[in-house]
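Shown here: query.csv, CSV, C-alpha atoms.
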chain,number,residue,atom,x,y,z
A,993,MET,CA,9.8,-32.6,-231.2
A,994,PRO,CA,10.4,-36.2,-229.9
A,995,LEU,CA,13.4,-36.8,-227.6
A,996,LEU,CA,16.5,-38.4,-229.0
A,997,THR,CA,16.2,-37.0,-232.5
A,998,PRO,CA,18.7,-34.7,-234.2
A,999,ALA,CA,18.1,-31.0,-233.9
A,1000,LEU,CA,17.5,-30.0,-237.5
A,1001,PRO,CA,17.0,-26.6,-239.0
A,1002,SER,CA,13.5,-25.8,-240.3
A,1003,GLY,CA,12.5,-26.9,-243.7
A,1004,GLU,CA,10.8,-29.7,-245.5
A,1005,THR,CA,13.9,-31.2,-247.1
A,1006,TYR,CA,16.7,-32.9,-245.2
A,1007,GLY,CA,19.0,-33.1,-248.2
A,1008,LEU,CA,20.2,-35.5,-250.9
A,1009,LEU,CA,21.2,-39.1,-250.6
A,1010,ALA,CA,23.5,-40.6,-253.3
A,1011,GLN,CA,24.3,-44.3,-253.7
A,1012,PHE,CA,27.6,-45.6,-255.1
A,1013,ALA,CA,28.5,-49.0,-256.5
A,1014,SER,CA,31.7,-49.7,-254.5
A,1015,PRO,CA,33.9,-48.5,-251.7
A,1016,LYS,CA,36.4,-47.2,-254.4
A,1017,ASP,CA,33.6,-45.1,-256.0
A,1018,LEU,CA,32.5,-43.8,-252.6
A,1019,TYR,CA,36.1,-42.8,-251.7
A,1020,HIS,CA,36.7,-40.9,-254.9
A,1021,ALA,CA,33.2,-39.2,-254.7
A,1022,CYS,CA,34.1,-38.1,-251.1
A,1023,GLU,CA,37.2,-36.4,-252.4
A,1024,LYS,CA,35.3,-34.6,-255.1
A,1025,VAL,CA,32.5,-33.5,-252.6
A,1026,ARG,CA,35.2,-32.2,-250.2
A,1027,ASP,CA,36.9,-30.4,-253.0
A,1028,ALA,CA,33.6,-28.8,-254.1
A,1029,GLY,CA,33.5,-27.1,-250.7
A,1030,PHE,CA,30.6,-28.9,-249.0
A,1031,THR,CA,30.8,-28.8,-245.2
A,1032,ARG,CA,27.5,-30.4,-244.0
A,1033,TRP,CA,27.7,-33.9,-245.4
A,1034,ASP,CA,28.6,-37.5,-244.5
A,1035,ALA,CA,29.6,-40.8,-246.0
A,1036,HIS,CA,27.9,-44.1,-245.0
A,1037,SER,CA,29.1,-47.6,-245.6
A,1038,PRO,CA,28.5,-51.1,-244.2
A,1039,PHE,CA,32.1,-51.4,-243.1
A,1040,PRO,CA,35.0,-49.1,-242.4
A,1041,VAL,CA,36.7,-47.8,-245.6
A,1042,HIS,CA,40.4,-47.2,-245.1
A,1043,GLY,CA,41.3,-43.5,-245.6
A,1044,LEU,CA,37.7,-42.3,-246.0
A,1045,ASP,CA,38.1,-39.8,-243.1
A,1046,HIS,CA,41.1,-38.3,-245.1
A,1047,ALA,CA,39.1,-38.3,-248.3
A,1048,MET,CA,36.3,-36.4,-246.5
A,1049,GLY,CA,38.8,-33.9,-245.1
A,1050,LEU,CA,38.0,-34.7,-241.5
A,1051,GLY,CA,40.4,-33.4,-238.8
A,1052,ARG,CA,41.6,-35.3,-235.8
A,1053,SER,CA,39.1,-36.2,-233.1
A,1054,ARG,CA,38.9,-34.1,-229.9
A,1055,LEU,CA,38.1,-37.2,-227.9
A,1056,PRO,CA,41.7,-38.1,-226.9
A,1057,TYR,CA,41.9,-34.6,-225.2
A,1058,VAL,CA,38.7,-35.3,-223.2
A,1059,THR,CA,40.1,-38.7,-222.2
A,1060,LEU,CA,43.4,-37.3,-221.1
A,1061,PHE,CA,41.9,-34.4,-219.2
A,1062,PHE,CA,39.5,-36.5,-217.2
A,1063,GLY,CA,42.0,-39.3,-216.7
A,1064,LEU,CA,44.4,-36.8,-215.2
A,1065,CYS,CA,41.6,-35.3,-213.1
A,1066,GLY,CA,40.8,-38.8,-211.7
A,1067,ALA,CA,44.4,-39.6,-211.0
A,1068,ILE,CA,45.2,-36.3,-209.3
A,1069,GLY,CA,41.9,-36.4,-207.4
A,1070,GLY,CA,42.5,-39.9,-206.1
A,1071,PHE,CA,46.1,-39.0,-205.1
A,1072,CYS,CA,45.0,-35.8,-203.3
A,1073,LEU,CA,42.1,-37.6,-201.5
A,1074,GLN,CA,44.4,-40.2,-200.1
A,1075,LEU,CA,47.0,-37.5,-199.2
A,1076,TRP,CA,44.3,-35.5,-197.4
A,1077,ALA,CA,42.8,-38.5,-195.6
A,1078,ASN,CA,46.1,-40.0,-194.4
A,1079,GLY,CA,48.1,-36.9,-193.8
A,1080,ILE,CA,45.7,-34.2,-192.7
A,1081,ALA,CA,42.2,-35.5,-191.7
A,1082,TYR,CA,43.3,-38.7,-189.9
A,1083,PRO,CA,47.0,-38.6,-189.3
A,1084,ILE,CA,47.9,-41.8,-187.6
A,1085,VAL,CA,51.5,-42.9,-187.3
A,1086,ILE,CA,51.8,-46.7,-187.7
A,1087,SER,CA,55.1,-48.5,-187.1
A,1088,GLY,CA,57.0,-45.2,-187.4
A,1089,LYS,CA,56.1,-44.8,-191.1
A,1090,PRO,CA,55.9,-41.3,-192.5
A,1091,LEU,CA,52.4,-39.7,-192.9
A,1092,PHE,CA,53.2,-38.9,-196.5
A,1093,ASN,CA,54.3,-42.1,-198.2
A,1094,TRP,CA,53.3,-42.0,-201.9
A,1095,GLN,CA,54.0,-45.6,-202.9
A,1096,PRO,CA,50.8,-47.1,-201.3
A,1097,TYR,CA,48.8,-44.4,-203.0
A,1098,MET,CA,49.6,-45.5,-206.6
A,1099,PRO,CA,47.1,-48.3,-207.0
A,1100,VAL,CA,44.1,-46.1,-206.2
A,1101,THR,CA,45.6,-43.2,-208.2
A,1102,PHE,CA,46.0,-45.4,-211.2
A,1103,GLU,CA,42.5,-47.0,-210.9
A,1104,LEU,CA,40.7,-43.7,-210.5
A,1105,GLY,CA,42.6,-42.3,-213.5
A,1106,VAL,CA,41.6,-45.2,-215.7
A,1107,LEU,CA,38.0,-45.1,-214.4
A,1108,LEU,CA,37.4,-41.4,-215.2
A,1109,ALA,CA,39.2,-41.8,-218.5
A,1110,ALA,CA,37.0,-44.7,-219.5
A,1111,ILE,CA,33.8,-43.0,-218.4
A,1112,SER,CA,34.7,-39.7,-220.1
A,1113,THR,CA,35.6,-41.5,-223.3
A,1114,VAL,CA,32.2,-43.2,-223.5
A,1115,VAL,CA,30.3,-40.0,-222.6
A,1116,GLY,CA,32.4,-37.9,-224.9
A,1117,MET,CA,31.9,-40.3,-227.8
A,1118,LEU,CA,28.2,-40.3,-227.3
A,1119,ALA,CA,28.1,-36.5,-227.1
A,1120,PHE,CA,30.4,-35.8,-230.1
A,1121,ASN,CA,28.3,-38.2,-232.2
A,1122,GLU,CA,25.0,-36.8,-231.0
A,1123,LEU,CA,24.0,-40.3,-229.7
A,1124,PRO,CA,21.7,-41.9,-228.9
A,1125,MET,CA,19.6,-40.9,-231.9
A,1126,LEU,CA,16.6,-43.1,-232.3
A,1127,PHE,CA,15.4,-41.5,-235.5
A,1128,HIS,CA,17.2,-39.8,-238.4
A,1129,PRO,CA,15.6,-38.6,-241.6
A,1130,LEU,CA,17.8,-41.0,-243.6
A,1131,PHE,CA,16.0,-43.9,-242.0
A,1132,GLY,CA,13.0,-43.0,-244.1
A,1133,SER,CA,14.8,-43.9,-247.3
A,1134,ARG,CA,14.2,-47.4,-248.6
A,1135,ALA,CA,17.5,-47.3,-250.5
A,1136,PHE,CA,19.4,-46.4,-247.3
A,1137,GLU,CA,18.4,-49.7,-245.7
A,1138,ARG,CA,21.2,-51.3,-247.8
A,1139,VAL,CA,23.9,-49.3,-245.9
A,1140,THR,CA,24.0,-52.2,-243.4
A,1141,ASP,CA,24.6,-54.8,-246.1
A,1142,ASP,CA,26.2,-53.6,-249.4
A,1143,GLY,CA,25.3,-50.0,-249.9
A,1144,PHE,CA,27.7,-47.0,-250.1
A,1145,PHE,CA,26.1,-43.6,-249.7
A,1146,ILE,CA,26.9,-39.9,-249.4
A,1147,SER,CA,24.3,-37.6,-247.8
A,1148,ILE,CA,24.5,-33.8,-248.2
A,1149,GLU,CA,22.3,-31.8,-245.9
A,1150,SER,CA,20.1,-29.0,-247.2
A,1151,TRP,CA,21.5,-26.4,-244.9
A,1152,ASP,CA,25.0,-26.7,-246.2
A,1153,PRO,CA,25.9,-23.2,-247.5
A,1154,LYS,CA,26.7,-24.6,-251.0
A,1155,PHE,CA,23.6,-26.7,-251.3
A,1156,ASN,CA,21.4,-26.2,-254.3
A,1157,ALA,CA,19.2,-29.2,-254.9
A,1158,ILE,CA,19.6,-29.2,-258.7
A,1159,GLU,CA,23.3,-28.4,-258.9
A,1160,THR,CA,24.1,-30.8,-256.0
A,1161,GLU,CA,22.2,-33.6,-257.7
A,1162,ARG,CA,24.0,-32.9,-260.9
A,1163,LEU,CA,27.3,-33.1,-259.1
A,1164,LEU,CA,26.5,-36.4,-257.5
A,1165,GLN,CA,25.4,-37.9,-260.7
A,1166,GLN,CA,28.6,-36.7,-262.4
A,1167,LEU,CA,30.6,-38.4,-259.6
A,1168,GLY,CA,29.1,-41.8,-260.6
A,1169,ALA,CA,26.1,-42.1,-258.2
A,1170,THR,CA,23.9,-45.0,-259.3
A,1171,ARG,CA,21.0,-43.3,-257.5
A,1172,VAL,CA,20.3,-39.9,-256.1
A,1173,GLU,CA,17.1,-39.1,-254.1
A,1174,ILE,CA,15.8,-36.2,-252.1
A,1175,VAL,CA,15.3,-37.1,-248.4
A,1176,LYS,CA,12.4,-35.4,-246.7
A,1177,ARG,CA,12.8,-34.2,-243.2
A,1178,ASN,CA,10.0,-36.1,-241.6
A,1179,ALA,CA,9.9,-39.2,-243.8
A,1180,GLY,CA,8.9,-42.2,-241.8
A,1181,ALA,CA,8.7,-40.3,-238.5
Could I get this file's structure written as structure tokens?
Amino acid sequence: MPLLTPALPSGETYGLLAQFASPKDLYHACEKVRDAGFTRWDAHSPFPVHGLDHAMGLGRSRLPYVTLFFGLCGAIGGFCLQLWANGIAYPIVISGKPLFNWQPYMPVTFELGVLLAAISTVVGMLAFNELPMLFHPLFGSRAFERVTDDGFFISIESWDPKFNAIETERLLQQLGATRVEIVKRNAGA
């Protein structure tokens, strides 16, 4: 399997791709797909649609916790490093100042906290979104090329527990999809 591709379960079919006419249609279809109990699916649009994450039933992101954790680690680590260097490893009394004087430690403490928070946010975002992904089965669909211009899509993966190609296609058509197609796993690879 080539590098930087999604880890997909075995099988010939990736899933179904349904196209909708407008963001409003996409929003309402996402609510219905969520209510139908599907768990392995996604919505695609050329621009952010306000409230779509709520319509899909997505929870809050874990990324802020990663950022907070590593930001605090950076700040505490920077503070402790300065404390150790100036108070324990190389204790030099200059002008009668105390060995532990926390005020001069704050710029480095702040900067290391911000640095580790920023790096962990980027790495965490890439990891949570399984990026970089140079190829995805949806890229093999000619209709999906419109997602960067004026297309609104829902893709439902074939390994979703509720997936049945015929029933799922019927559901998507009932929701107002203008086009529904089966996406093959290796199309265009």
Checklist entry - Distance atom CA of Phe1039 of chain A-atom CA of Ala1169 of chain A, one decimal place? => result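 Atom CA of Ala1169 of chain A lies 18.7 Å from atom CA of Phe1039 of chain A.
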From A:Arg1177, A:Ser1087, A:Glu1103, A:Ser1014, residue lying nearest Trp1151 of chain A [all atoms listed in the file]: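 That would be A:Arg1177, the residue with the smallest distance to Trp1151 of chain A.
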_Best match for closeness to Asp1027 of chain A among A:Met1048, A:Ala1109, A:Arg1171, A:Leu1009, counting all atoms listed in the file_ =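 Using all atoms listed in the file, Asp1027 of chain A sits closest to A:Met1048.
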field: Pick from A:Leu1118, A:Leu1008, A:Leu1044, A:Ile1084 nearest to Glu1149 of chain A, counting only C-alpha atoms
entry: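 So, comparing all the options, the nearest one is A:Leu1008.
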To one decimal place in Å, what is the distance between atom CA of Thr1031 of chain A and atom CA of Arg1138 of chain A?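 So the answer is 24.6 Å.
Atom CA of Cys1072 of chain A sits 12.3 Å away from atom CA of Asn1093 of chain A.
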Query raised in the report: Hey, can you pull every residue with an atom no more than 7 Å from (37.8, -36.8, -225.5), using only C-alpha atoms, and send it as number ranges by chain?
Result: A: 1054-1059, 1112-1113, 1116
Could you name the residues that touch Ser1147 of chain A at 7 Å or less, counting only C-alpha atoms, but leaving out those on the same chain fewer than 3 positions away, as an MDAnalysis selection string?
-> chainID A and resid 1007:1010 1033:1035
**Request:** Using only C-alpha atoms, determine which residues lie at most 10 Å from Leu1167 of chain A, disregarding the query and same-chain residues fewer than 6 positions distant; provide the list as a list in words.
**Result:**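 Listing them by chain and then by number gives Ala1010, Phe1012, Asp1017, Leu1018, His1020, Ala1021, Cys1022, Glu1023, Lys1024, Val1025 and Glu1161 of chain A.
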Quick one: residues within 9 Å of Pro1153 of chain A, all atoms listed in the file counted, chain neighbours fewer than 2 positions away excluded, as a short mmCIF file (atom, residue, chain, number, x, y, z; two decimals) with C-alpha atoms, keeping the file's coordinate frame?
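Listed below is the output, part_28.cif:
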data_model
loop_
_atom_site.label_atom_id
_atom_site.label_comp_id
_atom_site.auth_asym_id
_atom_site.auth_seq_id
_atom_site.Cartn_x
_atom_site.Cartn_y
_atom_site.Cartn_z
CA PHE A 1030 30.60 -28.90 -249.00
CA THR A 1031 30.80 -28.80 -245.20
CA ARG A 1032 27.50 -30.40 -244.00
CA SER A 1150 20.10 -29.00 -247.20
CA TRP A 1151 21.50 -26.40 -244.90
CA PHE A 1155 23.60 -26.70 -251.30
CA ASN A 1156 21.40 -26.20 -254.30
#
Q: May I ask which of the residues A:Phe1131, A:Phe1071, A:Phe1062, A:Tyr1006 is the closest one to Leu1107 of chain A, counting all atoms listed in the file?
A: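 Residue with the minimum atom-to-atom distance to Leu1107 of chain A: A:Phe1062.
Counting only C-alpha atoms, Thr1170 of chain A has the following residues at most 10 Å away, ignoring those fewer than 5 positions along the same chain: Ala1010, Gln1011, Phe1012, Ala1013, Phe1145, Leu1164 and Gln1165 of chain A.
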Which neighbours of Gly1066 of chain A fall inside 7 Å, counting only C-alpha atoms, when residues of the same chain fewer than 3 positions from it are skipped, and could you give them as a PyMOL selection string?
-> chain A and resi 1062-1063+1069-1070+1104-1105+1108
**Prompt:** Which is closer to Pro1015 of chain A than all the others in A:Val1139, A:Val1106, A:Leu1000, A:Ala1028, using only C-alpha atoms?
**Reply:**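 With only C-alpha atoms as the atom set, the closest residue is A:Val1139.
Each of A:Ile1174, A:Ser1037, A:Cys1065, A:Glu1004 was compared to Glu1137 of chain A using all atoms listed in the file, and A:Ser1037 turns out to be the nearest.
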Rebuild segment 1102-1113 of chain A to all heavy atoms - output it as a PDB file, in the coordinates of the input, please.
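Result went into part34.pdb, see below:
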ATOM      1  N   PHE A1102      46.072 -44.835-209.904  1.00  0.00           N
ATOM      2  CA  PHE A1102      46.000 -45.400-211.200  1.00  0.00           C
ATOM      3  C   PHE A1102      44.547 -45.820-211.574  1.00  0.00           C
ATOM      4  O   PHE A1102      44.041 -45.513-212.660  1.00  0.00           O
ATOM      5  CB  PHE A1102      46.912 -46.639-211.331  1.00  0.00           C
ATOM      6  CG  PHE A1102      46.770 -47.396-212.607  1.00  0.00           C
ATOM      7  CD1 PHE A1102      47.327 -46.915-213.781  1.00  0.00           C
ATOM      8  CD2 PHE A1102      46.057 -48.583-212.648  1.00  0.00           C
ATOM      9  CE1 PHE A1102      47.193 -47.612-214.966  1.00  0.00           C
ATOM     10  CE2 PHE A1102      45.912 -49.287-213.832  1.00  0.00           C
ATOM     11  CZ  PHE A1102      46.480 -48.802-214.988  1.00  0.00           C
ATOM     12  N   GLU A1103      43.894 -46.500-210.653  1.00  0.00           N
ATOM     13  CA  GLU A1103      42.500 -47.000-210.900  1.00  0.00           C
ATOM     14  C   GLU A1103      41.550 -45.846-211.128  1.00  0.00           C
ATOM     15  O   GLU A1103      40.687 -45.917-212.011  1.00  0.00           O
ATOM     16  CB  GLU A1103      42.054 -47.899-209.781  1.00  0.00           C
ATOM     17  CG  GLU A1103      42.787 -49.212-209.707  1.00  0.00           C
ATOM     18  CD  GLU A1103      42.610 -50.058-210.950  1.00  0.00           C
ATOM     19  OE1 GLU A1103      41.560 -49.953-211.618  1.00  0.00           O
ATOM     20  OE2 GLU A1103      43.537 -50.817-211.272  1.00  0.00           O
ATOM     21  N   LEU A1104      41.628 -44.794-210.342  1.00  0.00           N
ATOM     22  CA  LEU A1104      40.700 -43.700-210.500  1.00  0.00           C
ATOM     23  C   LEU A1104      41.017 -42.926-211.836  1.00  0.00           C
ATOM     24  O   LEU A1104      40.094 -42.439-212.502  1.00  0.00           O
ATOM     25  CB  LEU A1104      40.779 -42.703-209.348  1.00  0.00           C
ATOM     26  CG  LEU A1104      39.977 -43.150-208.132  1.00  0.00           C
ATOM     27  CD1 LEU A1104      40.182 -42.211-206.965  1.00  0.00           C
ATOM     28  CD2 LEU A1104      38.503 -43.247-208.466  1.00  0.00           C
ATOM     29  N   GLY A1105      42.286 -42.856-212.216  1.00  0.00           N
ATOM     30  CA  GLY A1105      42.600 -42.300-213.500  1.00  0.00           C
ATOM     31  C   GLY A1105      42.036 -43.048-214.651  1.00  0.00           C
ATOM     32  O   GLY A1105      41.439 -42.490-215.582  1.00  0.00           O
ATOM     33  N   VAL A1106      42.159 -44.371-214.606  1.00  0.00           N
ATOM     34  CA  VAL A1106      41.600 -45.200-215.700  1.00  0.00           C
ATOM     35  C   VAL A1106      40.077 -45.158-215.652  1.00  0.00           C
ATOM     36  O   VAL A1106      39.447 -45.087-216.711  1.00  0.00           O
ATOM     37  CB  VAL A1106      42.097 -46.684-215.485  1.00  0.00           C
ATOM     38  CG1 VAL A1106      41.335 -47.624-216.390  1.00  0.00           C
ATOM     39  CG2 VAL A1106      43.585 -46.770-215.745  1.00  0.00           C
ATOM     40  N   LEU A1107      39.461 -45.169-214.474  1.00  0.00           N
ATOM     41  CA  LEU A1107      38.000 -45.100-214.400  1.00  0.00           C
ATOM     42  C   LEU A1107      37.436 -43.847-214.996  1.00  0.00           C
ATOM     43  O   LEU A1107      36.528 -43.905-215.834  1.00  0.00           O
ATOM     44  CB  LEU A1107      37.561 -45.233-212.913  1.00  0.00           C
ATOM     45  CG  LEU A1107      36.058 -45.130-212.664  1.00  0.00           C
ATOM     46  CD1 LEU A1107      35.337 -46.340-213.260  1.00  0.00           C
ATOM     47  CD2 LEU A1107      35.769 -45.012-211.187  1.00  0.00           C
ATOM     48  N   LEU A1108      37.958 -42.695-214.606  1.00  0.00           N
ATOM     49  CA  LEU A1108      37.400 -41.400-215.200  1.00  0.00           C
ATOM     50  C   LEU A1108      37.759 -41.302-216.636  1.00  0.00           C
ATOM     51  O   LEU A1108      36.951 -40.756-217.395  1.00  0.00           O
ATOM     52  CB  LEU A1108      37.954 -40.245-214.366  1.00  0.00           C
ATOM     53  CG  LEU A1108      36.946 -39.716-213.328  1.00  0.00           C
ATOM     54  CD1 LEU A1108      36.656 -40.730-212.267  1.00  0.00           C
ATOM     55  CD2 LEU A1108      37.389 -38.404-212.780  1.00  0.00           C
ATOM     56  N   ALA A1109      38.915 -41.802-217.070  1.00  0.00           N
ATOM     57  CA  ALA A1109      39.200 -41.800-218.500  1.00  0.00           C
ATOM     58  C   ALA A1109      38.259 -42.599-219.295  1.00  0.00           C
ATOM     59  O   ALA A1109      37.767 -42.178-220.353  1.00  0.00           O
ATOM     60  CB  ALA A1109      40.676 -42.239-218.719  1.00  0.00           C
ATOM     61  N   ALA A1110      37.937 -43.789-218.816  1.00  0.00           N
ATOM     62  CA  ALA A1110      37.000 -44.700-219.500  1.00  0.00           C
ATOM     63  C   ALA A1110      35.606 -44.085-219.579  1.00  0.00           C
ATOM     64  O   ALA A1110      34.958 -44.063-220.638  1.00  0.00           O
ATOM     65  CB  ALA A1110      36.985 -46.046-218.869  1.00  0.00           C
ATOM     66  N   ILE A1111      35.125 -43.593-218.450  1.00  0.00           N
ATOM     67  CA  ILE A1111      33.800 -43.000-218.400  1.00  0.00           C
ATOM     68  C   ILE A1111      33.694 -41.790-219.313  1.00  0.00           C
ATOM     69  O   ILE A1111      32.745 -41.628-220.084  1.00  0.00           O
ATOM     70  CB  ILE A1111      33.371 -42.682-216.965  1.00  0.00           C
ATOM     71  CG1 ILE A1111      33.145 -43.975-216.172  1.00  0.00           C
ATOM     72  CG2 ILE A1111      32.104 -41.819-216.934  1.00  0.00           C
ATOM     73  CD1 ILE A1111      32.945 -43.758-214.684  1.00  0.00           C
ATOM     74  N   SER A1112      34.703 -40.921-219.256  1.00  0.00           N
ATOM     75  CA  SER A1112      34.700 -39.700-220.100  1.00  0.00           C
ATOM     76  C   SER A1112      34.789 -40.048-221.568  1.00  0.00           C
ATOM     77  O   SER A1112      34.233 -39.338-222.403  1.00  0.00           O
ATOM     78  CB  SER A1112      35.774 -38.743-219.668  1.00  0.00           C
ATOM     79  OG  SER A1112      37.051 -39.272-219.999  1.00  0.00           O
ATOM     80  N   THR A1113      35.481 -41.129-221.903  1.00  0.00           N
ATOM     81  CA  THR A1113      35.600 -41.500-223.300  1.00  0.00           C
ATOM     82  C   THR A1113      34.227 -41.953-223.843  1.00  0.00           C
ATOM     83  O   THR A1113      33.824 -41.555-224.938  1.00  0.00           O
ATOM     84  CB  THR A1113      36.608 -42.672-223.471  1.00  0.00           C
ATOM     85  OG1 THR A1113      37.878 -42.211-223.013  1.00  0.00           O
ATOM     86  CG2 THR A1113      36.713 -43.121-224.910  1.00  0.00           C
TER      87      THR A1113
END
